[in-house]
>>> print(open('run-v4.txt').read())   # compact mmCIF, C-alpha atoms
# COMPACT_ATOMS: atom_id res chain seq x y z
CA MET M 85 23.28 14.77 -2.10
CA LYS M 86 20.26 13.15 -3.66
CA LYS M 87 19.32 13.12 -7.33
CA SER M 88 15.96 14.35 -8.66
CA LEU M 89 13.94 11.66 -10.46
CA GLY M 90 10.91 13.83 -11.25
CA ALA M 91 7.30 13.59 -10.11
CA LYS M 92 6.60 9.86 -10.21
CA THR M 93 4.46 7.22 -8.51
CA ILE M 94 7.10 4.99 -6.97
CA VAL M 95 6.90 3.52 -3.48
CA TYR M 96 7.95 0.09 -2.22
CA PRO M 97 6.16 -2.13 -1.51
CA THR M 98 3.15 -1.63 -3.79
CA PRO M 99 0.39 -4.23 -3.44
CA VAL M 100 -1.24 -6.45 -6.06
CA PHE M 101 -4.90 -6.24 -5.10
CA ILE M 102 -7.28 -8.34 -7.16
CA VAL M 103 -10.56 -6.47 -6.99
CA GLY M 104 -13.75 -8.52 -7.41
CA THR M 105 -16.95 -6.89 -8.67
CA PHE M 106 -20.22 -7.72 -10.42
CA ASP M 107 -21.24 -5.86 -13.54
CA GLN M 108 -24.75 -4.60 -14.17
CA LEU M 109 -25.78 -7.97 -15.67
CA GLY M 110 -24.35 -9.87 -12.71
CA GLN M 111 -21.23 -11.15 -14.47
CA PRO M 112 -18.30 -11.42 -12.07
CA ASN M 113 -15.09 -9.55 -12.84
CA ALA M 114 -11.60 -9.43 -11.33
CA ALA M 115 -9.09 -6.63 -11.94
CA ALA M 116 -5.57 -5.98 -10.67
CA ALA M 117 -4.85 -2.74 -8.79
CA ALA M 118 -1.55 -1.56 -7.36
CA TRP M 119 -2.77 1.87 -6.25
CA GLY M 120 -4.26 1.21 -2.82
CA GLY M 121 -3.79 0.26 0.81
CA ILE M 122 -5.38 0.20 4.25
CA CYS M 123 -6.55 3.69 5.21
CA CYS M 124 -8.35 3.47 8.59
CA SER M 125 -8.41 1.16 11.61
CA ARG M 126 -11.90 2.03 12.92
CA PRO M 127 -14.00 1.44 10.93
CA PRO M 128 -11.56 -0.88 9.17
CA CYS M 129 -11.19 0.56 5.67
CA VAL M 130 -9.16 -0.07 2.54
CA ALA M 131 -8.64 2.29 -0.40
CA VAL M 132 -8.20 1.34 -4.05
CA SER M 133 -8.01 3.58 -7.12
CA PHE M 134 -9.25 3.04 -10.66
CA ARG M 135 -9.41 5.04 -13.86
CA LYS M 136 -12.93 5.96 -15.00
CA ALA M 137 -12.34 4.07 -18.25
CA THR M 138 -12.10 0.72 -16.45
CA TYR M 139 -14.82 -1.88 -16.17
CA THR M 140 -14.26 -2.09 -12.42
CA TYR M 141 -14.86 1.64 -11.96
CA LYS M 142 -18.33 1.26 -13.47
CA ASN M 143 -19.03 -1.87 -11.46
CA ILE M 144 -18.09 -0.31 -8.12
CA VAL M 145 -20.20 2.77 -8.84
CA ALA M 146 -23.17 0.58 -9.83
CA ARG M 147 -22.89 -2.00 -7.05
CA GLN M 148 -21.35 0.12 -4.27
CA ALA M 149 -19.25 -2.86 -3.22
CA PHE M 150 -16.07 -4.78 -4.02
CA THR M 151 -13.75 -7.42 -2.66
CA ILE M 152 -9.97 -7.15 -2.28
CA ASN M 153 -8.39 -10.54 -2.95
CA ILE M 154 -4.78 -11.22 -1.99
CA PRO M 155 -3.19 -13.66 -4.44
CA SER M 156 -0.42 -16.05 -3.45
CA GLU M 157 2.79 -16.43 -5.43
CA ALA M 158 1.34 -19.50 -7.18
CA TYR M 159 -1.18 -17.22 -8.94
CA VAL M 160 1.16 -14.49 -10.15
CA LYS M 161 0.33 -15.23 -13.82
CA GLU M 162 -3.42 -15.04 -13.21
CA ALA M 163 -2.95 -11.81 -11.22
CA ASP M 164 -0.97 -10.32 -14.10
CA TYR M 165 -3.66 -11.40 -16.57
CA PHE M 166 -6.30 -9.68 -14.41
CA GLY M 167 -4.36 -6.47 -15.03
CA LEU M 168 -3.95 -7.06 -18.78
CA ALA M 169 -7.49 -8.02 -19.83
CA SER M 170 -10.73 -6.01 -19.46
CA GLY M 171 -14.05 -7.34 -18.23
CA ALA M 172 -15.61 -5.32 -21.05
CA ASN M 173 -14.22 -7.87 -23.51
CA GLU M 174 -13.70 -11.07 -21.55
CA ASN M 175 -15.11 -13.06 -18.66
CA LYS M 176 -11.79 -13.27 -16.81
CA PHE M 177 -13.00 -15.97 -14.44
CA LEU M 178 -13.80 -18.21 -17.43
CA THR M 179 -10.45 -17.63 -19.14
CA THR M 180 -8.42 -18.26 -15.97
CA GLY M 181 -10.57 -21.13 -14.74
CA LEU M 182 -10.77 -19.45 -11.33
CA THR M 183 -14.01 -19.57 -9.35
CA PRO M 184 -16.12 -16.53 -8.43
CA THR M 185 -17.89 -16.99 -5.08
CA LYS M 186 -20.66 -14.53 -4.26
CA SER M 187 -20.09 -12.76 -0.95
CA GLU M 188 -22.98 -13.09 1.48
CA LEU M 189 -22.18 -9.69 2.98
CA VAL M 190 -21.60 -7.42 -0.01
CA ASP M 191 -22.72 -7.34 -3.65
CA ALA M 192 -19.41 -8.61 -5.06
CA PRO M 193 -17.65 -11.91 -5.74
CA PHE M 194 -14.35 -13.11 -4.31
CA VAL M 195 -11.80 -15.43 -5.92
CA ALA M 196 -12.28 -18.83 -4.28
CA GLU M 197 -8.75 -20.09 -5.03
CA PHE M 198 -6.93 -17.07 -3.54
CA PRO M 199 -5.95 -17.39 0.13
CA PHE M 200 -8.01 -14.55 1.52
CA ALA M 201 -10.37 -11.73 0.62
CA LEU M 202 -11.74 -8.56 2.21
CA GLU M 203 -15.46 -7.94 1.67
CA CYS M 204 -15.96 -4.18 1.28
CA ARG M 205 -18.90 -1.81 1.21
CA LEU M 206 -18.18 1.48 -0.60
CA ILE M 207 -18.32 4.36 1.90
CA HIS M 208 -16.40 7.17 0.20
CA THR M 209 -15.33 8.23 -3.30
CA THR M 210 -12.65 10.83 -4.05
CA GLU M 211 -12.03 12.19 -7.54
CA ILE M 212 -8.30 12.87 -7.61
CA GLY M 213 -7.37 13.16 -11.27
CA LEU M 214 -6.81 10.32 -13.71
CA HIS M 215 -7.74 7.97 -10.87
CA THR M 216 -10.78 7.88 -8.61
CA GLN M 217 -10.17 6.56 -5.12
CA PHE M 218 -12.77 4.23 -3.61
CA ILE M 219 -12.73 3.69 0.16
CA GLY M 220 -14.43 0.52 1.29
CA GLU M 221 -15.34 -0.48 4.81
CA VAL M 222 -14.11 -4.02 5.46
CA LEU M 223 -17.12 -5.99 6.73
CA ASP M 224 -15.27 -9.30 7.00
CA ILE M 225 -12.20 -11.21 5.89
CA LYS M 226 -12.68 -14.69 4.45
CA ALA M 227 -9.60 -16.92 4.52
CA ASP M 228 -8.63 -20.47 3.66
CA GLU M 229 -7.93 -22.66 6.67
CA SER M 230 -4.68 -23.66 4.95
CA VAL M 231 -3.18 -20.17 5.44
CA LEU M 232 -4.07 -19.83 9.11
CA GLY M 233 -1.51 -20.40 11.83
CA GLU M 234 -2.06 -22.48 14.94
CA ASP M 235 -3.65 -19.49 16.71
CA GLY M 236 -6.25 -19.11 13.94
CA THR M 237 -4.82 -15.89 12.50
CA LEU M 238 -3.40 -15.36 9.03
CA ASP M 239 0.14 -16.65 8.55
CA ILE M 240 1.89 -14.50 5.96
CA GLU M 241 4.46 -17.20 5.29
CA ARG M 242 1.65 -19.58 4.29
CA VAL M 243 -0.14 -16.91 2.22
CA LYS M 244 3.07 -16.21 0.25
CA PRO M 245 1.93 -12.80 -1.05
CA PHE M 246 3.87 -10.82 -3.61
CA MET M 247 4.37 -7.17 -4.44
CA PHE M 248 4.69 -4.97 -7.51
CA ALA M 249 7.57 -2.63 -8.32
CA PRO M 250 5.93 0.22 -10.30
CA ASP M 251 9.02 1.54 -12.06
CA SER M 252 10.70 -1.67 -13.17
CA ARG M 253 7.24 -3.25 -13.63
CA ALA M 254 8.10 -6.54 -11.98
CA TYR M 255 6.69 -8.76 -9.24
CA TYR M 256 8.65 -9.75 -6.15
CA GLY M 257 7.97 -12.42 -3.55
CA LEU M 258 8.14 -12.29 0.23
CA GLY M 259 11.59 -12.22 1.81
CA LYS M 260 12.74 -13.25 5.24
CA CYS M 261 11.36 -12.00 8.55
CA LEU M 262 13.42 -9.06 9.84
CA GLY M 263 11.95 -8.95 13.34
CA PRO M 264 8.91 -7.95 15.40
CA ALA M 265 7.30 -4.53 14.95
CA PHE M 266 6.82 -2.15 17.89
CA SER M 267 9.76 -3.94 19.45
CA ILE M 268 13.07 -3.99 17.56
CA GLY M 269 13.37 -0.19 17.70
CA LYS M 270 13.13 -0.08 21.50
CA GLY M 271 16.88 0.07 22.01
CA ILE M 272 17.08 3.48 20.30
CA GLY M 273 17.12 6.63 22.41
CA GLY M 274 17.45 4.77 25.69
CA ARG M 275 14.23 2.82 25.14
CA ALA M 276 15.81 -0.52 26.15
CA MET P 173 -15.15 -23.02 2.06
CA LYS P 174 -13.46 -20.04 3.65
CA LYS P 175 -13.41 -19.12 7.33
CA SER P 176 -14.58 -15.74 8.66
CA LEU P 177 -11.85 -13.78 10.46
CA GLY P 178 -13.97 -10.72 11.27
CA ALA P 179 -13.67 -7.10 10.13
CA LYS P 180 -9.93 -6.45 10.21
CA THR P 181 -7.28 -4.37 8.52
CA ILE P 182 -5.09 -7.03 6.95
CA VAL P 183 -3.62 -6.85 3.46
CA TYR P 184 -0.22 -7.95 2.19
CA PRO P 185 2.02 -6.19 1.49
CA THR P 186 1.59 -3.18 3.77
CA PRO P 187 4.24 -0.45 3.42
CA VAL P 188 6.48 1.12 6.03
CA PHE P 189 6.33 4.79 5.09
CA ILE P 190 8.48 7.12 7.16
CA VAL P 191 6.65 10.44 7.01
CA GLY P 192 8.75 13.58 7.42
CA THR P 193 7.18 16.82 8.70
CA PHE P 194 8.06 20.05 10.45
CA ASP P 195 6.20 21.11 13.58
CA GLN P 196 5.02 24.65 14.24
CA LEU P 197 8.40 25.60 15.72
CA GLY P 198 10.27 24.16 12.76
CA GLN P 199 11.52 21.01 14.51
CA PRO P 200 11.72 18.08 12.10
CA ASN P 201 9.81 14.90 12.86
CA ALA P 202 9.64 11.42 11.33
CA ALA P 203 6.81 8.96 11.94
CA ALA P 204 6.09 5.45 10.68
CA ALA P 205 2.84 4.79 8.81
CA ALA P 206 1.60 1.50 7.35
CA TRP P 207 -1.81 2.78 6.26
CA GLY P 208 -1.13 4.26 2.83
CA GLY P 209 -0.21 3.80 -0.81
CA ILE P 210 -0.12 5.38 -4.23
CA CYS P 211 -3.62 6.62 -5.18
CA CYS P 212 -3.36 8.42 -8.55
CA SER P 213 -1.06 8.46 -11.58
CA ARG P 214 -1.88 11.96 -12.88
CA PRO P 215 -1.25 14.06 -10.88
CA PRO P 216 1.05 11.57 -9.14
CA CYS P 217 -0.40 11.21 -5.64
CA VAL P 218 0.19 9.16 -2.51
CA ALA P 219 -2.16 8.67 0.44
CA VAL P 220 -1.21 8.21 4.08
CA SER P 221 -3.45 8.04 7.15
CA PHE P 222 -2.87 9.27 10.70
CA ARG P 223 -4.87 9.45 13.91
CA LYS P 224 -5.74 12.97 15.05
CA ALA P 225 -3.82 12.34 18.30
CA THR P 226 -0.49 12.07 16.49
CA TYR P 227 2.15 14.74 16.20
CA THR P 228 2.35 14.19 12.45
CA TYR P 229 -1.38 14.85 12.03
CA LYS P 230 -0.95 18.32 13.53
CA ASN P 231 2.20 18.97 11.51
CA ILE P 232 0.60 18.06 8.17
CA VAL P 233 -2.43 20.23 8.91
CA ALA P 234 -0.17 23.16 9.90
CA ARG P 235 2.39 22.84 7.11
CA GLN P 236 0.23 21.35 4.31
CA ALA P 237 3.17 19.19 3.26
CA PHE P 238 5.04 15.98 4.05
CA THR P 239 7.64 13.62 2.67
CA ILE P 240 7.32 9.84 2.28
CA ASN P 241 10.68 8.21 2.93
CA ILE P 242 11.30 4.59 1.98
CA PRO P 243 13.73 2.96 4.41
CA SER P 244 16.07 0.17 3.41
CA GLU P 245 16.40 -3.07 5.38
CA ALA P 246 19.50 -1.67 7.13
CA TYR P 247 17.26 0.88 8.90
CA VAL P 248 14.49 -1.42 10.11
CA LYS P 249 15.24 -0.60 13.78
CA GLU P 250 15.12 3.15 13.18
CA ALA P 251 11.88 2.74 11.20
CA ASP P 252 10.36 0.77 14.08
CA TYR P 253 11.49 3.43 16.54
CA PHE P 254 9.81 6.12 14.41
CA GLY P 255 6.56 4.23 15.05
CA LEU P 256 7.16 3.79 18.77
CA ALA P 257 8.17 7.30 19.84
CA SER P 258 6.22 10.57 19.47
CA GLY P 259 7.62 13.87 18.26
CA ALA P 260 5.60 15.47 21.07
CA ASN P 261 8.14 14.02 23.54
CA GLU P 262 11.32 13.47 21.56
CA ASN P 263 13.34 14.84 18.67
CA LYS P 264 13.49 11.54 16.81
CA PHE P 265 16.21 12.71 14.44
CA LEU P 266 18.46 13.47 17.42
CA THR P 267 17.82 10.12 19.13
CA THR P 268 18.42 8.09 15.95
CA GLY P 269 21.33 10.19 14.72
CA LEU P 270 19.65 10.43 11.31
CA THR P 271 19.81 13.67 9.34
CA PRO P 272 16.81 15.83 8.41
CA THR P 273 17.27 17.60 5.08
CA LYS P 274 14.86 20.41 4.27
CA SER P 275 13.07 19.89 0.98
CA GLU P 276 13.45 22.78 -1.44
CA LEU P 277 10.03 22.02 -2.94
CA VAL P 278 7.76 21.48 0.06
CA ASP P 279 7.71 22.60 3.68
CA ALA P 280 8.92 19.27 5.09
CA PRO P 281 12.20 17.43 5.75
CA PHE P 282 13.35 14.13 4.32
CA VAL P 283 15.64 11.54 5.91
CA ALA P 284 19.04 11.97 4.27
CA GLU P 285 20.24 8.42 5.00
CA PHE P 286 17.19 6.65 3.53
CA PRO P 287 17.49 5.66 -0.15
CA PHE P 288 14.67 7.77 -1.54
CA ALA P 289 11.89 10.18 -0.61
CA LEU P 290 8.74 11.60 -2.20
CA GLU P 291 8.17 15.34 -1.66
CA CYS P 292 4.44 15.90 -1.25
CA ARG P 293 2.10 18.87 -1.17
CA LEU P 294 -1.19 18.20 0.65
CA ILE P 295 -4.07 18.38 -1.83
CA HIS P 296 -6.91 16.51 -0.14
CA THR P 297 -7.97 15.44 3.38
CA THR P 298 -10.62 12.80 4.10
CA GLU P 299 -11.98 12.21 7.61
CA ILE P 300 -12.70 8.48 7.67
CA GLY P 301 -13.01 7.57 11.34
CA LEU P 302 -10.16 6.93 13.76
CA HIS P 303 -7.81 7.84 10.91
CA THR P 304 -7.68 10.87 8.67
CA GLN P 305 -6.38 10.26 5.17
CA PHE P 306 -4.02 12.82 3.65
CA ILE P 307 -3.50 12.80 -0.11
CA GLY P 308 -0.30 14.42 -1.25
CA GLU P 309 0.71 15.34 -4.77
CA VAL P 310 4.23 14.07 -5.44
CA LEU P 311 6.24 17.04 -6.70
CA ASP P 312 9.52 15.14 -6.99
CA ILE P 313 11.37 12.03 -5.89
CA LYS P 314 14.87 12.45 -4.47
CA ALA P 315 17.06 9.36 -4.54
CA ASP P 316 20.59 8.32 -3.69
CA GLU P 317 22.76 7.59 -6.71
CA SER P 318 23.72 4.33 -5.00
CA VAL P 319 20.20 2.88 -5.49
CA LEU P 320 19.88 3.80 -9.16
CA GLY P 321 20.40 1.23 -11.86
CA GLU P 322 22.47 1.74 -14.99
CA ASP P 323 19.51 3.39 -16.75
CA GLY P 324 19.19 5.99 -13.97
CA THR P 325 15.94 4.59 -12.53
CA LEU P 326 15.40 3.18 -9.06
CA ASP P 327 16.62 -0.38 -8.59
CA ILE P 328 14.44 -2.10 -6.00
CA GLU P 329 17.12 -4.72 -5.34
CA ARG P 330 19.53 -1.94 -4.34
CA VAL P 331 16.91 -0.11 -2.26
CA LYS P 332 16.16 -3.31 -0.30
CA PRO P 333 12.77 -2.13 1.01
CA PHE P 334 10.77 -4.05 3.56
CA MET P 335 7.10 -4.49 4.40
CA PHE P 336 4.92 -4.77 7.49
CA ALA P 337 2.53 -7.63 8.30
CA PRO P 338 -0.28 -5.95 10.28
CA ASP P 339 -1.66 -9.02 12.04
CA SER P 340 1.53 -10.75 13.13
CA ARG P 341 3.17 -7.31 13.60
CA ALA P 342 6.44 -8.22 11.94
CA TYR P 343 8.67 -6.84 9.20
CA TYR P 344 9.64 -8.82 6.09
CA GLY P 345 12.32 -8.18 3.51
CA LEU P 346 12.16 -8.32 -0.27
CA GLY P 347 12.03 -11.78 -1.86
CA LYS P 348 13.03 -12.94 -5.30
CA CYS P 349 11.80 -11.54 -8.62
CA LEU P 350 8.83 -13.55 -9.91
CA GLY P 351 8.73 -12.06 -13.39
CA PRO P 352 7.77 -9.01 -15.46
CA ALA P 353 4.37 -7.35 -14.99
CA PHE P 354 1.99 -6.81 -17.92
CA SER P 355 3.74 -9.77 -19.49
CA ILE P 356 3.74 -13.09 -17.63
CA GLY P 357 -0.06 -13.33 -17.74
CA LYS P 358 -0.19 -13.07 -21.53
CA GLY P 359 -0.38 -16.83 -22.05
CA ILE P 360 -3.77 -17.00 -20.35
CA GLY P 361 -6.95 -17.05 -22.42
CA GLY P 362 -5.10 -17.38 -25.72
CA ARG P 363 -3.11 -14.16 -25.24
CA ALA P 364 0.19 -15.76 -26.28
>>> encode(input="run-v4.txt", output="structure tokens")
Amino acid sequence: MKKSLGAKTIVYPTPVFIVGTFDQLGQPNAAAAAWGGICCSRPPCVAVSFRKATYTYKNIVARQAFTINIPSEAYVKEADYFGLASGANENKFLTTGLTPTKSELVDAPFVAEFPFALECRLIHTTEIGLHTQFIGEVLDIKADESVLGEDGTLDIERVKPFMFAPDSRAYYGLGKCLGPAFSIGKGIGGRA
Amino acid sequence: MKKSLGAKTIVYPTPVFIVGTFDQLGQPNAAAAAWGGICCSRPPCVAVSFRKATYTYKNIVARQAFTINIPSEAYVKEADYFGLASGANENKFLTTGLTPTKSELVDAPFVAEFPFALECRLIHTTEIGLHTQFIGEVLDIKADESVLGEDGTLDIERVKPFMFAPDSRAYYGLGKCLGPAFSIGKGIGGRA
């Protein structure tokens, strides 16, 4: 017998996306977003939601582009700050000392110090309610060599990402590997 | 200087949503989905994407409802199996021995043994490309008492959720708490 908790926005894990945009004057901004995720394999697309009142909402509408930056555990304070401050009042790159690098593919900056970033072109906008969902097509991923494995692909254990727990409002790091996907379930139902 | 990895669908963390549906004959199904996330606070909404070829796609279109079940680490094999097998060929509840419980709020079943589930009513469908994105309004969350903290809210450390790494195709558990959100970034930029 399960207990009713009410209509809430709780799933685990929830990401900590740092969304890079330019404002109408060309000033770079970075904002934290936990409402989002990959939403299509072909074309490769990622969704992220913002309230209309945010600086990033206006920037995405104006520039039709954004980056999704994945911070490593070492930058959890900066990531939290990106969710506390508004680009309307502060140049968040200046206050954090982090470096905005202009994407050559889309009209948005990425965070140079973060291990990797998705460069996204806005392809769809859905008005849901308090939040508007932006779907971006991923044109490229830019990653630091230091987080790539020997085969040249991203190594999550080098990236050291973290997640957000929406209800307890806390950040959690990466735990241990539990096994390979599309594999460890094969023993079930005679699928040995 | 960052390296180009190409246009790919990699973010961390990516969830492992187990999506519960009924088919047109009323048989319960459960499928794994990593492409999704919360997308709006008011109304509370969650997005999840499926290919048209999947059994779950047809079920959501027919029933206009689904549940999002969050598995605990103890069920990583069953969760993997839910992504390997298709409800078109197998009754996945029977093969896993897990129990479908009919939601009283929406026309979909949840997985009784998993720690908590979101009961969702389909409110929006977006055709993106290979994947179709379904947005569901969360009408309620049902949770086991055993994963609630002393204040009656979900305790992520009792749920023991896990995540999926899309590129290395592996599952990872929950790591250690890194600190409170909307708080640990306050020292930056003179926000002490």
>>> closest_residue(input="run-v4.txt", among="M:Asn153, M:Ser267, M:Thr179, M:Asn143", to="Gln111 in chain M", atoms="only C-alpha atoms")
M:Asn143
>>> atom_distance(input="run-v4.txt", atom1="CA of Val218 in chain P", atom2="CA of Ala234 in chain P")
18.7 Å
>>> atom_distance(input="run-v4.txt", atom1="CA of Phe150 in chain M", atom2="CA of Tyr344 in chain P")
27.9 Å
>>> residues_around(input="run-v4.txt", residues="Phe248 in chain M", least_positions_apart="5", cutoff="10 Å", atoms="all atoms listed in the file", output="ChimeraX atom specification")
/M:95-101,117-118,253-257 /P:185,349-350,352-353
>>> residues_around(input="run-v4.txt", residues="Asn175 in chain M", least_positions_apart="2", cutoff="9 Å", atoms="only C-alpha atoms", output="list in words")
Gln111, Pro112, Asn113, Ala114, Ser170, Gly171, Ala172, Asn173, Phe177, Leu178, Thr179 and Thr180 of chain M
>>> atom_distance(input="run-v4.txt", atom1="CA of Gln148 in chain M", atom2="CA of Ala201 in chain M")
16.9 Å
>>> residues_around(input="run-v4.txt", residues="Lys244 in chain M", least_positions_apart="2", cutoff="12 Å", atoms="only C-alpha atoms", output="MDAnalysis selection string")
(chainID M and resid 154:160 198:200 230:232 238:242 246:247 256:260) or (chainID P and resid 183:185 337 344 347:348 350)
>>> closest_residue(input="run-v4.txt", among="M:Phe134, M:Ala163, M:Leu109, M:Asp224", to="chain P", atoms="only C-alpha atoms")
M:Asp224
>>> closest_residue(input="run-v4.txt", among="M:Thr105, M:Thr138, M:Gly167, M:Gly233", to="chain P", atoms="only C-alpha atoms")
M:Gly167
>>> residues_around(input="run-v4.txt", residues="Val283 in chain P", least_positions_apart="4", cutoff="7 Å", atoms="all atoms listed in the file", output="ChimeraX atom specification")
/P:241,270-273
>>> residues_around(input="run-v4.txt", residues="Ile190 in chain P", least_positions_apart="2", cutoff="6 Å", atoms="all atoms listed in the file", output="VMD selection string")
chain P and resid 203 to 204 240 to 241
>>> closest_residue(input="run-v4.txt", among="M:Cys204, M:Asp107, M:Ser133, M:Asp191", to="chain P", atoms="all atoms listed in the file")
M:Ser133
>>> closest_residue(input="run-v4.txt", among="M:Lys270, M:Ala137, M:Met85, M:Phe218", to="Lys274 in chain P", atoms="all atoms listed in the file")
M:Met85
>>> closest_residue(input="run-v4.txt", among="M:Arg135, M:Arg126, M:Lys142, M:Arg147", to="chain P", atoms="all atoms listed in the file")
M:Arg126
>>> build_atoms(input="run-v4.txt", residues="range 115-127 of chain M", atoms="N, CA and C atoms", output="mmCIF file, in the frame of the given file")
data_model
loop_
_atom_site.group_PDB
_atom_site.id
_atom_site.type_symbol
_atom_site.label_atom_id
_atom_site.label_comp_id
_atom_site.auth_asym_id
_atom_site.auth_seq_id
_atom_site.Cartn_x
_atom_site.Cartn_y
_atom_site.Cartn_z
ATOM 1 N N ALA M 115 -10.063 -7.552 -11.343
ATOM 2 C CA ALA M 115 -9.090 -6.630 -11.940
ATOM 3 C C ALA M 115 -7.932 -6.424 -10.971
ATOM 4 N N ALA M 116 -6.740 -6.225 -11.519
ATOM 5 C CA ALA M 116 -5.570 -5.980 -10.670
ATOM 6 C C ALA M 116 -5.430 -4.489 -10.404
ATOM 7 N N ALA M 117 -5.070 -4.135 -9.172
ATOM 8 C CA ALA M 117 -4.850 -2.740 -8.790
ATOM 9 C C ALA M 117 -3.650 -2.650 -7.867
ATOM 10 N N ALA M 118 -2.728 -1.766 -8.205
ATOM 11 C CA ALA M 118 -1.550 -1.560 -7.360
ATOM 12 C C ALA M 118 -1.646 -0.262 -6.572
ATOM 13 N N TRP M 119 -2.609 0.586 -6.945
ATOM 14 C CA TRP M 119 -2.770 1.870 -6.250
ATOM 15 C C TRP M 119 -3.804 1.688 -5.139
ATOM 16 N N GLY M 120 -3.335 1.404 -3.922
ATOM 17 C CA GLY M 120 -4.260 1.210 -2.820
ATOM 18 C C GLY M 120 -3.547 0.823 -1.549
ATOM 19 N N GLY M 121 -4.330 0.650 -0.487
ATOM 20 C CA GLY M 121 -3.790 0.260 0.810
ATOM 21 C C GLY M 121 -4.812 0.477 1.906
ATOM 22 N N ILE M 122 -4.526 -0.044 3.088
ATOM 23 C CA ILE M 122 -5.380 0.200 4.250
ATOM 24 C C ILE M 122 -5.379 1.698 4.537
ATOM 25 N N CYS M 123 -6.520 2.254 4.956
ATOM 26 C CA CYS M 123 -6.550 3.690 5.210
ATOM 27 C C CYS M 123 -7.203 4.085 6.530
ATOM 28 N N CYS M 124 -7.765 3.140 7.283
ATOM 29 C CA CYS M 124 -8.350 3.470 8.590
ATOM 30 C C CYS M 124 -8.495 2.194 9.404
ATOM 31 N N SER M 125 -8.276 2.324 10.732
ATOM 32 C CA SER M 125 -8.410 1.160 11.610
ATOM 33 C C SER M 125 -9.842 0.981 12.123
ATOM 34 N N ARG M 126 -10.547 2.111 12.375
ATOM 35 C CA ARG M 126 -11.900 2.030 12.920
ATOM 36 C C ARG M 126 -12.757 3.087 12.295
ATOM 37 N N PRO M 127 -13.736 2.787 11.418
ATOM 38 C CA PRO M 127 -14.000 1.440 10.930
ATOM 39 C C PRO M 127 -12.837 0.946 10.078
#
